Structures are given as C-alpha cells and as structure tokens.
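Asks: Pasting model-v1.pdb below, which is PDB, C-alpha atoms and all ligand atoms.
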```pdb
ATOM      1  CA  MET A   1      13.543   1.324  46.607
ATOM      2  CA  ARG A   2      10.216   3.147  46.464
ATOM      3  CA  ASP A   3      11.241   4.868  43.277
ATOM      4  CA  THR A   4      11.961   1.515  41.668
ATOM      5  CA  GLN A   5       8.541   0.200  42.670
ATOM      6  CA  ARG A   6       6.852   3.287  41.310
ATOM      7  CA  ALA A   7       8.726   2.907  38.036
ATOM      8  CA  LEU A   8       7.670  -0.724  37.799
ATOM      9  CA  THR A   9       4.039   0.203  38.431
ATOM     10  CA  VAL A  10       4.162   2.776  35.647
ATOM     11  CA  LEU A  11       5.777   0.248  33.322
ATOM     12  CA  VAL A  12       3.114  -2.379  34.024
ATOM     13  CA  ALA A  13       0.384   0.192  33.440
ATOM     14  CA  ALA A  14       1.932   1.192  30.118
ATOM     15  CA  LEU A  15       2.218  -2.423  28.997
ATOM     16  CA  THR A  16      -1.430  -3.037  29.917
ATOM     17  CA  VAL A  17      -2.498  -0.096  27.770
ATOM     18  CA  LEU A  18      -0.392  -1.413  24.874
ATOM     19  CA  ALA A  19      -1.888  -4.894  25.217
ATOM     20  CA  LEU A  20      -5.430  -3.495  25.221
ATOM     21  CA  ALA A  21      -4.674  -1.314  22.198
ATOM     22  CA  GLY A  22      -3.214  -4.279  20.340
ATOM     23  CA  CYS A  23      -6.265  -6.362  21.181
ATOM     24  CA  SER A  24      -8.792  -3.831  19.926
ATOM     25  CA  SER A  25      -6.926  -3.128  16.684
ATOM     26  CA  SER A  26      -6.558  -6.820  15.902
ATOM     27  CA  LYS A  27     -10.324  -7.273  16.091
ATOM     28  CA  ASN A  28     -10.755  -5.187  12.969
ATOM     29  CA  GLU A  29      -8.430  -7.449  11.038
ATOM     30  CA  THR A  30      -9.757 -10.821  12.078
ATOM     31  CA  THR A  31     -13.403 -10.552  11.020
ATOM     32  CA  SER A  32     -13.150 -13.425   8.573
ATOM     33  CA  SER A  33     -10.904 -15.730  10.574
ATOM     34  CA  GLY A  34     -12.037 -18.210  13.141
ATOM     35  CA  GLY A  35      -9.682 -16.934  15.790
ATOM     36  CA  GLN A  36      -7.788 -19.031  18.270
ATOM     37  CA  SER A  37      -9.375 -20.596  21.302
ATOM     38  CA  GLY A  38      -7.634 -20.736  24.625
ATOM     39  CA  GLY A  39      -7.764 -17.082  25.542
ATOM     40  CA  GLY A  40      -5.029 -14.524  25.494
ATOM     41  CA  VAL A  41      -4.385 -11.770  23.029
ATOM     42  CA  THR A  42      -4.485 -12.831  19.397
ATOM     43  CA  VAL A  43      -2.622 -10.544  17.065
ATOM     44  CA  THR A  44      -3.182 -11.223  13.392
ATOM     45  CA  THR A  45      -0.532 -10.089  10.964
ATOM     46  CA  ALA A  46       0.067 -10.671   7.285
ATOM     47  CA  ALA A  47       2.346 -13.562   8.209
ATOM     48  CA  SER A  48      -0.413 -15.401  10.053
ATOM     49  CA  GLY A  49      -3.241 -15.413   7.517
ATOM     50  CA  GLY A  50      -4.140 -11.770   6.862
ATOM     51  CA  PRO A  51      -3.915 -10.142   3.444
ATOM     52  CA  THR A  52      -0.533 -10.019   1.746
ATOM     53  CA  VAL A  53       0.910  -6.540   2.084
ATOM     54  CA  VAL A  54       2.372  -4.894  -1.000
ATOM     55  CA  THR A  55       4.181  -1.628  -0.388
ATOM     56  CA  VAL A  56       4.163   0.760  -3.322
ATOM     57  CA  VAL A  57       6.419   3.802  -3.211
ATOM     58  CA  GLY A  58       6.258   6.638  -5.700
ATOM     59  CA  GLY A  59       7.769  10.026  -6.326
ATOM     60  CA  GLU A  60       9.919  12.137  -8.588
ATOM     61  CA  LYS A  61      13.575  11.694  -9.520
ATOM     62  CA  PRO A  62      16.148  14.508  -9.802
ATOM     63  CA  ASP A  63      16.270  14.029 -13.597
ATOM     64  CA  GLY A  64      12.590  14.898 -14.055
ATOM     65  CA  LYS A  65      11.377  11.308 -14.407
ATOM     66  CA  TYR A  66       8.877   9.821 -11.988
ATOM     67  CA  TYR A  67       8.948   6.349 -10.483
ATOM     68  CA  LEU A  68       6.795   3.711  -8.837
ATOM     69  CA  THR A  69       8.092   0.583  -7.109
ATOM     70  CA  ALA A  70       6.102  -2.365  -5.756
ATOM     71  CA  THR A  71       7.581  -4.579  -3.031
ATOM     72  CA  PRO A  72       7.280  -7.489  -3.368
ATOM     73  CA  GLY A  73       6.759  -7.401  -7.125
ATOM     74  CA  SER A  74       5.167 -10.833  -7.123
ATOM     75  CA  VAL A  75       2.618 -12.373  -4.742
ATOM     76  CA  THR A  76       0.381 -15.420  -4.586
ATOM     77  CA  ALA A  77      -3.292 -15.102  -5.514
ATOM     78  CA  GLY A  78      -5.754 -13.885  -2.921
ATOM     79  CA  LYS A  79      -6.337 -10.799  -0.846
ATOM     80  CA  ALA A  80      -3.627  -8.184  -0.994
ATOM     81  CA  THR A  81      -3.395  -4.856   0.759
ATOM     82  CA  ILE A  82      -1.861  -2.321  -1.580
ATOM     83  CA  THR A  83      -0.291   0.402   0.534
ATOM     84  CA  PHE A  84       0.866   3.443  -1.384
ATOM     85  CA  LYS A  85       3.423   5.810   0.108
ATOM     86  CA  ASN A  86       3.820   9.077  -1.727
ATOM     87  CA  VAL A  87       7.406  10.117  -1.028
ATOM     88  CA  GLY A  88       7.371  12.804  -3.705
ATOM     89  CA  THR A  89       6.445  16.474  -3.729
ATOM     90  CA  LYS A  90       3.425  16.167  -6.064
ATOM     91  CA  VAL A  91       0.092  14.383  -5.746
ATOM     92  CA  HIS A  92       0.387  10.771  -6.941
ATOM     93  CA  GLU A  93      -1.768   7.638  -6.961
ATOM     94  CA  VAL A  94      -1.692   3.935  -7.719
ATOM     95  CA  VAL A  95      -4.132   2.220 -10.069
ATOM     96  CA  VAL A  96      -3.828  -1.560 -10.453
ATOM     97  CA  LEU A  97      -4.528  -2.593 -14.052
ATOM     98  CA  THR A  98      -4.672  -5.952 -15.793
ATOM     99  CA  ASP A  99      -3.334  -4.266 -18.943
ATOM    100  CA  THR A 100       0.154  -5.335 -19.993
ATOM    101  CA  PRO A 101       2.983  -5.059 -20.782
ATOM    102  CA  ALA A 102       3.748  -2.419 -18.182
ATOM    103  CA  ASP A 103       5.813  -0.217 -20.484
ATOM    104  CA  LYS A 104       3.527  -0.430 -23.528
ATOM    105  CA  LEU A 105       0.166   0.882 -22.317
ATOM    106  CA  LYS A 106      -1.747   3.081 -24.736
ATOM    107  CA  VAL A 107      -1.679   6.712 -23.680
ATOM    108  CA  GLY A 108      -4.664   8.832 -24.669
ATOM    109  CA  ALA A 109      -4.768  12.428 -25.899
ATOM    110  CA  ASN A 110      -5.360  13.393 -22.273
ATOM    111  CA  HIS A 111      -1.944  11.901 -21.382
ATOM    112  CA  GLU A 112      -3.567   9.245 -19.223
ATOM    113  CA  VAL A 113      -4.006   5.509 -19.770
ATOM    114  CA  SER A 114      -7.384   3.763 -19.820
ATOM    115  CA  GLU A 115      -8.655   2.567 -16.464
ATOM    116  CA  ASP A 116     -11.076   0.068 -18.020
ATOM    117  CA  ALA A 117      -8.841  -2.743 -16.748
ATOM    118  CA  SER A 118      -8.602  -1.366 -13.200
ATOM    119  CA  VAL A 119      -9.081  -3.794 -10.316
ATOM    120  CA  GLY A 120      -8.538  -1.228  -7.572
ATOM    121  CA  GLU A 121      -6.633   1.875  -6.609
ATOM    122  CA  ASP A 122      -5.248   4.186  -3.981
ATOM    123  CA  SER A 123      -6.508   7.403  -5.527
ATOM    124  CA  GLU A 124      -4.846  10.813  -5.456
ATOM    125  CA  THR A 125      -2.541  10.880  -2.446
ATOM    126  CA  ASP A 126      -0.932  14.052  -1.134
ATOM    127  CA  PRO A 127       2.869  14.298  -0.759
ATOM    128  CA  GLY A 128       4.062  12.521   2.356
ATOM    129  CA  LYS A 129       0.767  10.649   2.766
ATOM    130  CA  THR A 130      -0.132   6.963   2.607
ATOM    131  CA  LYS A 131      -3.273   5.218   1.354
ATOM    132  CA  SER A 132      -4.250   1.555   1.421
ATOM    133  CA  THR A 133      -6.790  -0.628  -0.304
ATOM    134  CA  THR A 134      -7.365  -4.364   0.015
ATOM    135  CA  ILE A 135      -8.326  -6.192  -3.166
ATOM    136  CA  ASN A 136      -8.700  -9.791  -4.250
ATOM    137  CA  LEU A 137      -6.177 -10.614  -6.958
ATOM    138  CA  PRO A 138      -6.529 -13.631  -9.250
ATOM    139  CA  PRO A 139      -3.358 -14.952 -10.896
ATOM    140  CA  GLY A 140      -2.121 -12.845 -13.787
ATOM    141  CA  ASN A 141       0.160 -10.078 -14.933
ATOM    142  CA  TYR A 142      -0.648  -6.614 -13.699
ATOM    143  CA  VAL A 143       0.728  -3.133 -13.910
ATOM    144  CA  MET A 144       0.505  -0.438 -11.285
ATOM    145  CA  VAL A 145       0.381   3.067 -12.669
ATOM    146  CA  CYS A 146       0.051   6.582 -11.407
ATOM    147  CA  ASN A 147      -2.621   7.813 -13.789
ATOM    148  CA  ILE A 148      -2.343  11.490 -13.135
ATOM    149  CA  GLU A 149      -1.831  13.399 -16.390
ATOM    150  CA  ARG A 150       1.608  12.670 -17.930
ATOM    151  CA  HIS A 151       2.863  10.683 -14.938
ATOM    152  CA  TYR A 152       2.750   7.322 -16.750
ATOM    153  CA  GLU A 153       4.710   8.889 -19.604
ATOM    154  CA  LYS A 154       7.321  10.063 -17.096
ATOM    155  CA  GLY A 155       7.860   6.485 -15.982
ATOM    156  CA  MET A 156       5.442   6.145 -13.097
ATOM    157  CA  TYR A 157       4.535   2.465 -13.413
ATOM    158  CA  ALA A 158       5.620  -0.938 -12.109
ATOM    159  CA  ALA A 159       4.987  -4.457 -13.370
ATOM    160  CA  PHE A 160       3.343  -6.759 -10.850
ATOM    161  CA  THR A 161       2.736 -10.502 -10.963
ATOM    162  CA  VAL A 162       0.193 -12.679  -9.149
ATOM    163  CA  SER A 163       0.733 -16.444  -9.308
TER     164      SER A 163
HETATM  165 CU    CU A 201       2.124  10.447 -10.186
END
```
Here is a file; write its structure as structure tokens.

Replies:
Amino acid sequence: MRDTQRALTVLVAALTVLALAGCSSSKNETTSSGGQSGGGVTVTTAASGGPTVVTVVGGEKPDGKYYLTATPGSVTAGKATITFKNVGTKVHEVVVLTDTPADKLKVGANHEVSEDASVGEDSETDPGKTKSTTINLPPGNYVMVCNIERHYEKGMYAAFTVS
C-alpha cells in the first residue's frame, strides 16, 4: 500500500511540473490575445487562434532530384508559422516568394532564383534540423523554394496558395 501511495505522489508531482511547463510556454504564444478569464491553465494552439502552422519538408530523392513539400498547401490569409524540416543529407532552406508559377521561375547564371519577391524564409538549415518563422501572408499565389545553388533546378520548390 505504501508503494502505491509513493507512486501516486510521484505521479502528481510529475503532472504539476508538466502543467507549470505548459503554462510558461503558452505565455510566449499568447502575447497578442486577450486570454481567457476565470483562471486555470490556458494553452493556446494553432486551432484556438494562434498562427496557422505550415510544415515544409525538404530533402533529396534517390534519383538525384530534390524535393520540397508544404502541408497544407493552401491556407487562409493571416499569420502563418512556416516550419521547415530538413530531412535530407545536405543543407537546405525555404524562401517564400510571391513569384509564380512555381515551376517557371527565372534562374540566374548563379543557378539561384531572385529573392526580390521574398516575404520570409527559414534560411540555411542543417540536415536533420528544423527552423521556423512566422510571417503575415496576404491572399495570393506563392512559391516556396530552396534557393541554394542548383536546388531549385533539381526540383526543390512547392506551390503555395493563400486565400
Ligand atoms: Cu536545398
């Protein structure tokens, strides 16, 4: 019986730590919201008013091509957190451009595309690493590219729509 009580005490302590950790991390994400009255722990997620989360995954394929995927590929206008996961073995990045169409961007002599139309980016990200940026996106057609030399030419881009 004593062992059970001790186990329960440990469990309650662990849950308290988790609740405190959740509380402090949610504070960073709720700076612009009014918050809820009535006490208790308020956890803000993308589903309850935070930025829309777009997960971008990029890497290399066995055939020598590179790829970039954005999920979801279409969001509503407003703040969006663009989280880039580099699942490849080379350094990659994501630049969000208003240039379109996605597969017809002009490639310069340096084998990169112009970033004049950039609205934000997760710059050079090491293999296995993740970077995030939160940007405000007006409605329009966008393209996400990895603008490291020759990567766009190898297929590292994804069309993206904001409505
Ligand atoms: Cu790349």

Asks: What's the separation between atom CA of Ser74 of chain A and atom CA of Gly128 of chain A, in Å to one decimal place?

Replies: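 Straight-line distance from atom CA of Ser74 of chain A to atom CA of Gly128 of chain A works out to 25.2 Å.
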
Asks: Report as a list in words which protein, DNA and RNA residues come within 8 Å of ligand CU 201 (chain A), using only C-alpha atoms and all ligand atoms.

Replies: Gly58, Gly59, Tyr66, Tyr67, Lys90, Val91, His92, Glu93, Val94, Val145, Cys146, Asn147, Ile148, Glu149, His151, Tyr152 and Met156 of chain A

Asks: Quick one, how far is atom CA of Ala109 of chain A from atom CA of Asn86 of chain A?

Replies: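 It comes out at 25.9 Å.
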
Asks: At what distance in Å, to one decimal, does atom CA of Lys104 of chain A lie from atom CA of Thr52 of chain A?

Replies: 27.3 Å

Asks: For Ser132 of chain A, which of A:Leu97, A:Ile82, A:Leu68, A:Val119 is the closest residue, counting all atoms listed in the file?

Replies: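 Going through A:Leu97, A:Ile82, A:Leu68, A:Val119 one by one, the smallest distance to Ser132 of chain A is for A:Ile82.
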
Asks: With all atoms listed in the file counted, which protein, DNA or RNA residues have an atom no more than 12 Å from (8.3, -7.0, -5.6) in the file frame? Please answer as a list in words.

Replies: Thr52, Val53, Val54, Thr55, Val56, Val57, Leu68, Thr69, Ala70, Thr71, Pro72, Gly73, Ser74, Val75, Thr76, Ile82, Val143, Met144, Ala158, Ala159, Phe160, Thr161 and Val162 of chain A

Asks: May I ask which of the residues A:Ile135, A:Gly49, A:Thr98, A:Gly88 is the closest one to Pro62 of chain A, counting all atoms listed in the file?

Replies: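 Distance minimum relative to Pro62 of chain A lands on A:Gly88.
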
Asks: In terms of the shortest atom-to-atom distance over all atoms listed in the file, which of A:Gly155, A:Pro51, A:Gly78, A:Gly108 is closest to Leu137 of chain A?

Replies: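 Going through A:Gly155, A:Pro51, A:Gly78, A:Gly108 one by one, the smallest distance to Leu137 of chain A is for A:Gly78.
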
Asks: Report the residues retrieved by the PyMOL selection byres (((chain A and resi 121) around 8) and not hetatm) from the displayed file, expressed as a JSON list (two decimals) with C-alpha atoms, in the frame of the given file.

Replies:
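File written: expr21.json
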```json
[["chain", "number", "residue", "atom", "x", "y", "z"],
["A", 93, "GLU", "CA", -1.77, 7.64, -6.96],
["A", 94, "VAL", "CA", -1.69, 3.94, -7.72],
["A", 95, "VAL", "CA", -4.13, 2.22, -10.07],
["A", 96, "VAL", "CA", -3.83, -1.56, -10.45],
["A", 118, "SER", "CA", -8.60, -1.37, -13.20],
["A", 119, "VAL", "CA", -9.08, -3.79, -10.32],
["A", 120, "GLY", "CA", -8.54, -1.23, -7.57],
["A", 122, "ASP", "CA", -5.25, 4.19, -3.98],
["A", 123, "SER", "CA", -6.51, 7.40, -5.53],
["A", 133, "THR", "CA", -6.79, -0.63, -0.30]]
```

Asks: Taking all listed atoms of segment 53-69 of chain A, build the axis-aligned box, pad each of the six sides by 6 Å, then write its centre and edge lengths in Å to one decimal as AutoDock Vina command-line options.

Replies:
```
--center_x 8.6 --center_y 4.2 --center_z -6.2 --size_x 27.4 --size_y 33.4 --size_z 28.5
```

Asks: Identify which of the residues A:Pro138, A:Arg150, A:Thr89, A:Lys129 lies closest to Val113 of chain A, counting all atoms listed in the file when measuring atom-to-atom distances.

Replies: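 Looking at the shortest contact to Val113 of chain A, the residue is A:Arg150.
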
Asks: Which of these, A:Glu115, A:Asp126, A:Asp99, A:Asp63, has the shortest distance to Asn141 of chain A once you count only C-alpha atoms?

Replies: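 Of all the options, A:Asp99 lies closest to Asn141 of chain A.
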
Asks: Closest to Lys61 of chain A among A:Thr83, A:His111, A:Tyr142, A:Lys154, using all atoms listed in the file?

Replies: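 Looking only at the distances to Lys61 of chain A, the closest residue turns out to be A:Lys154.
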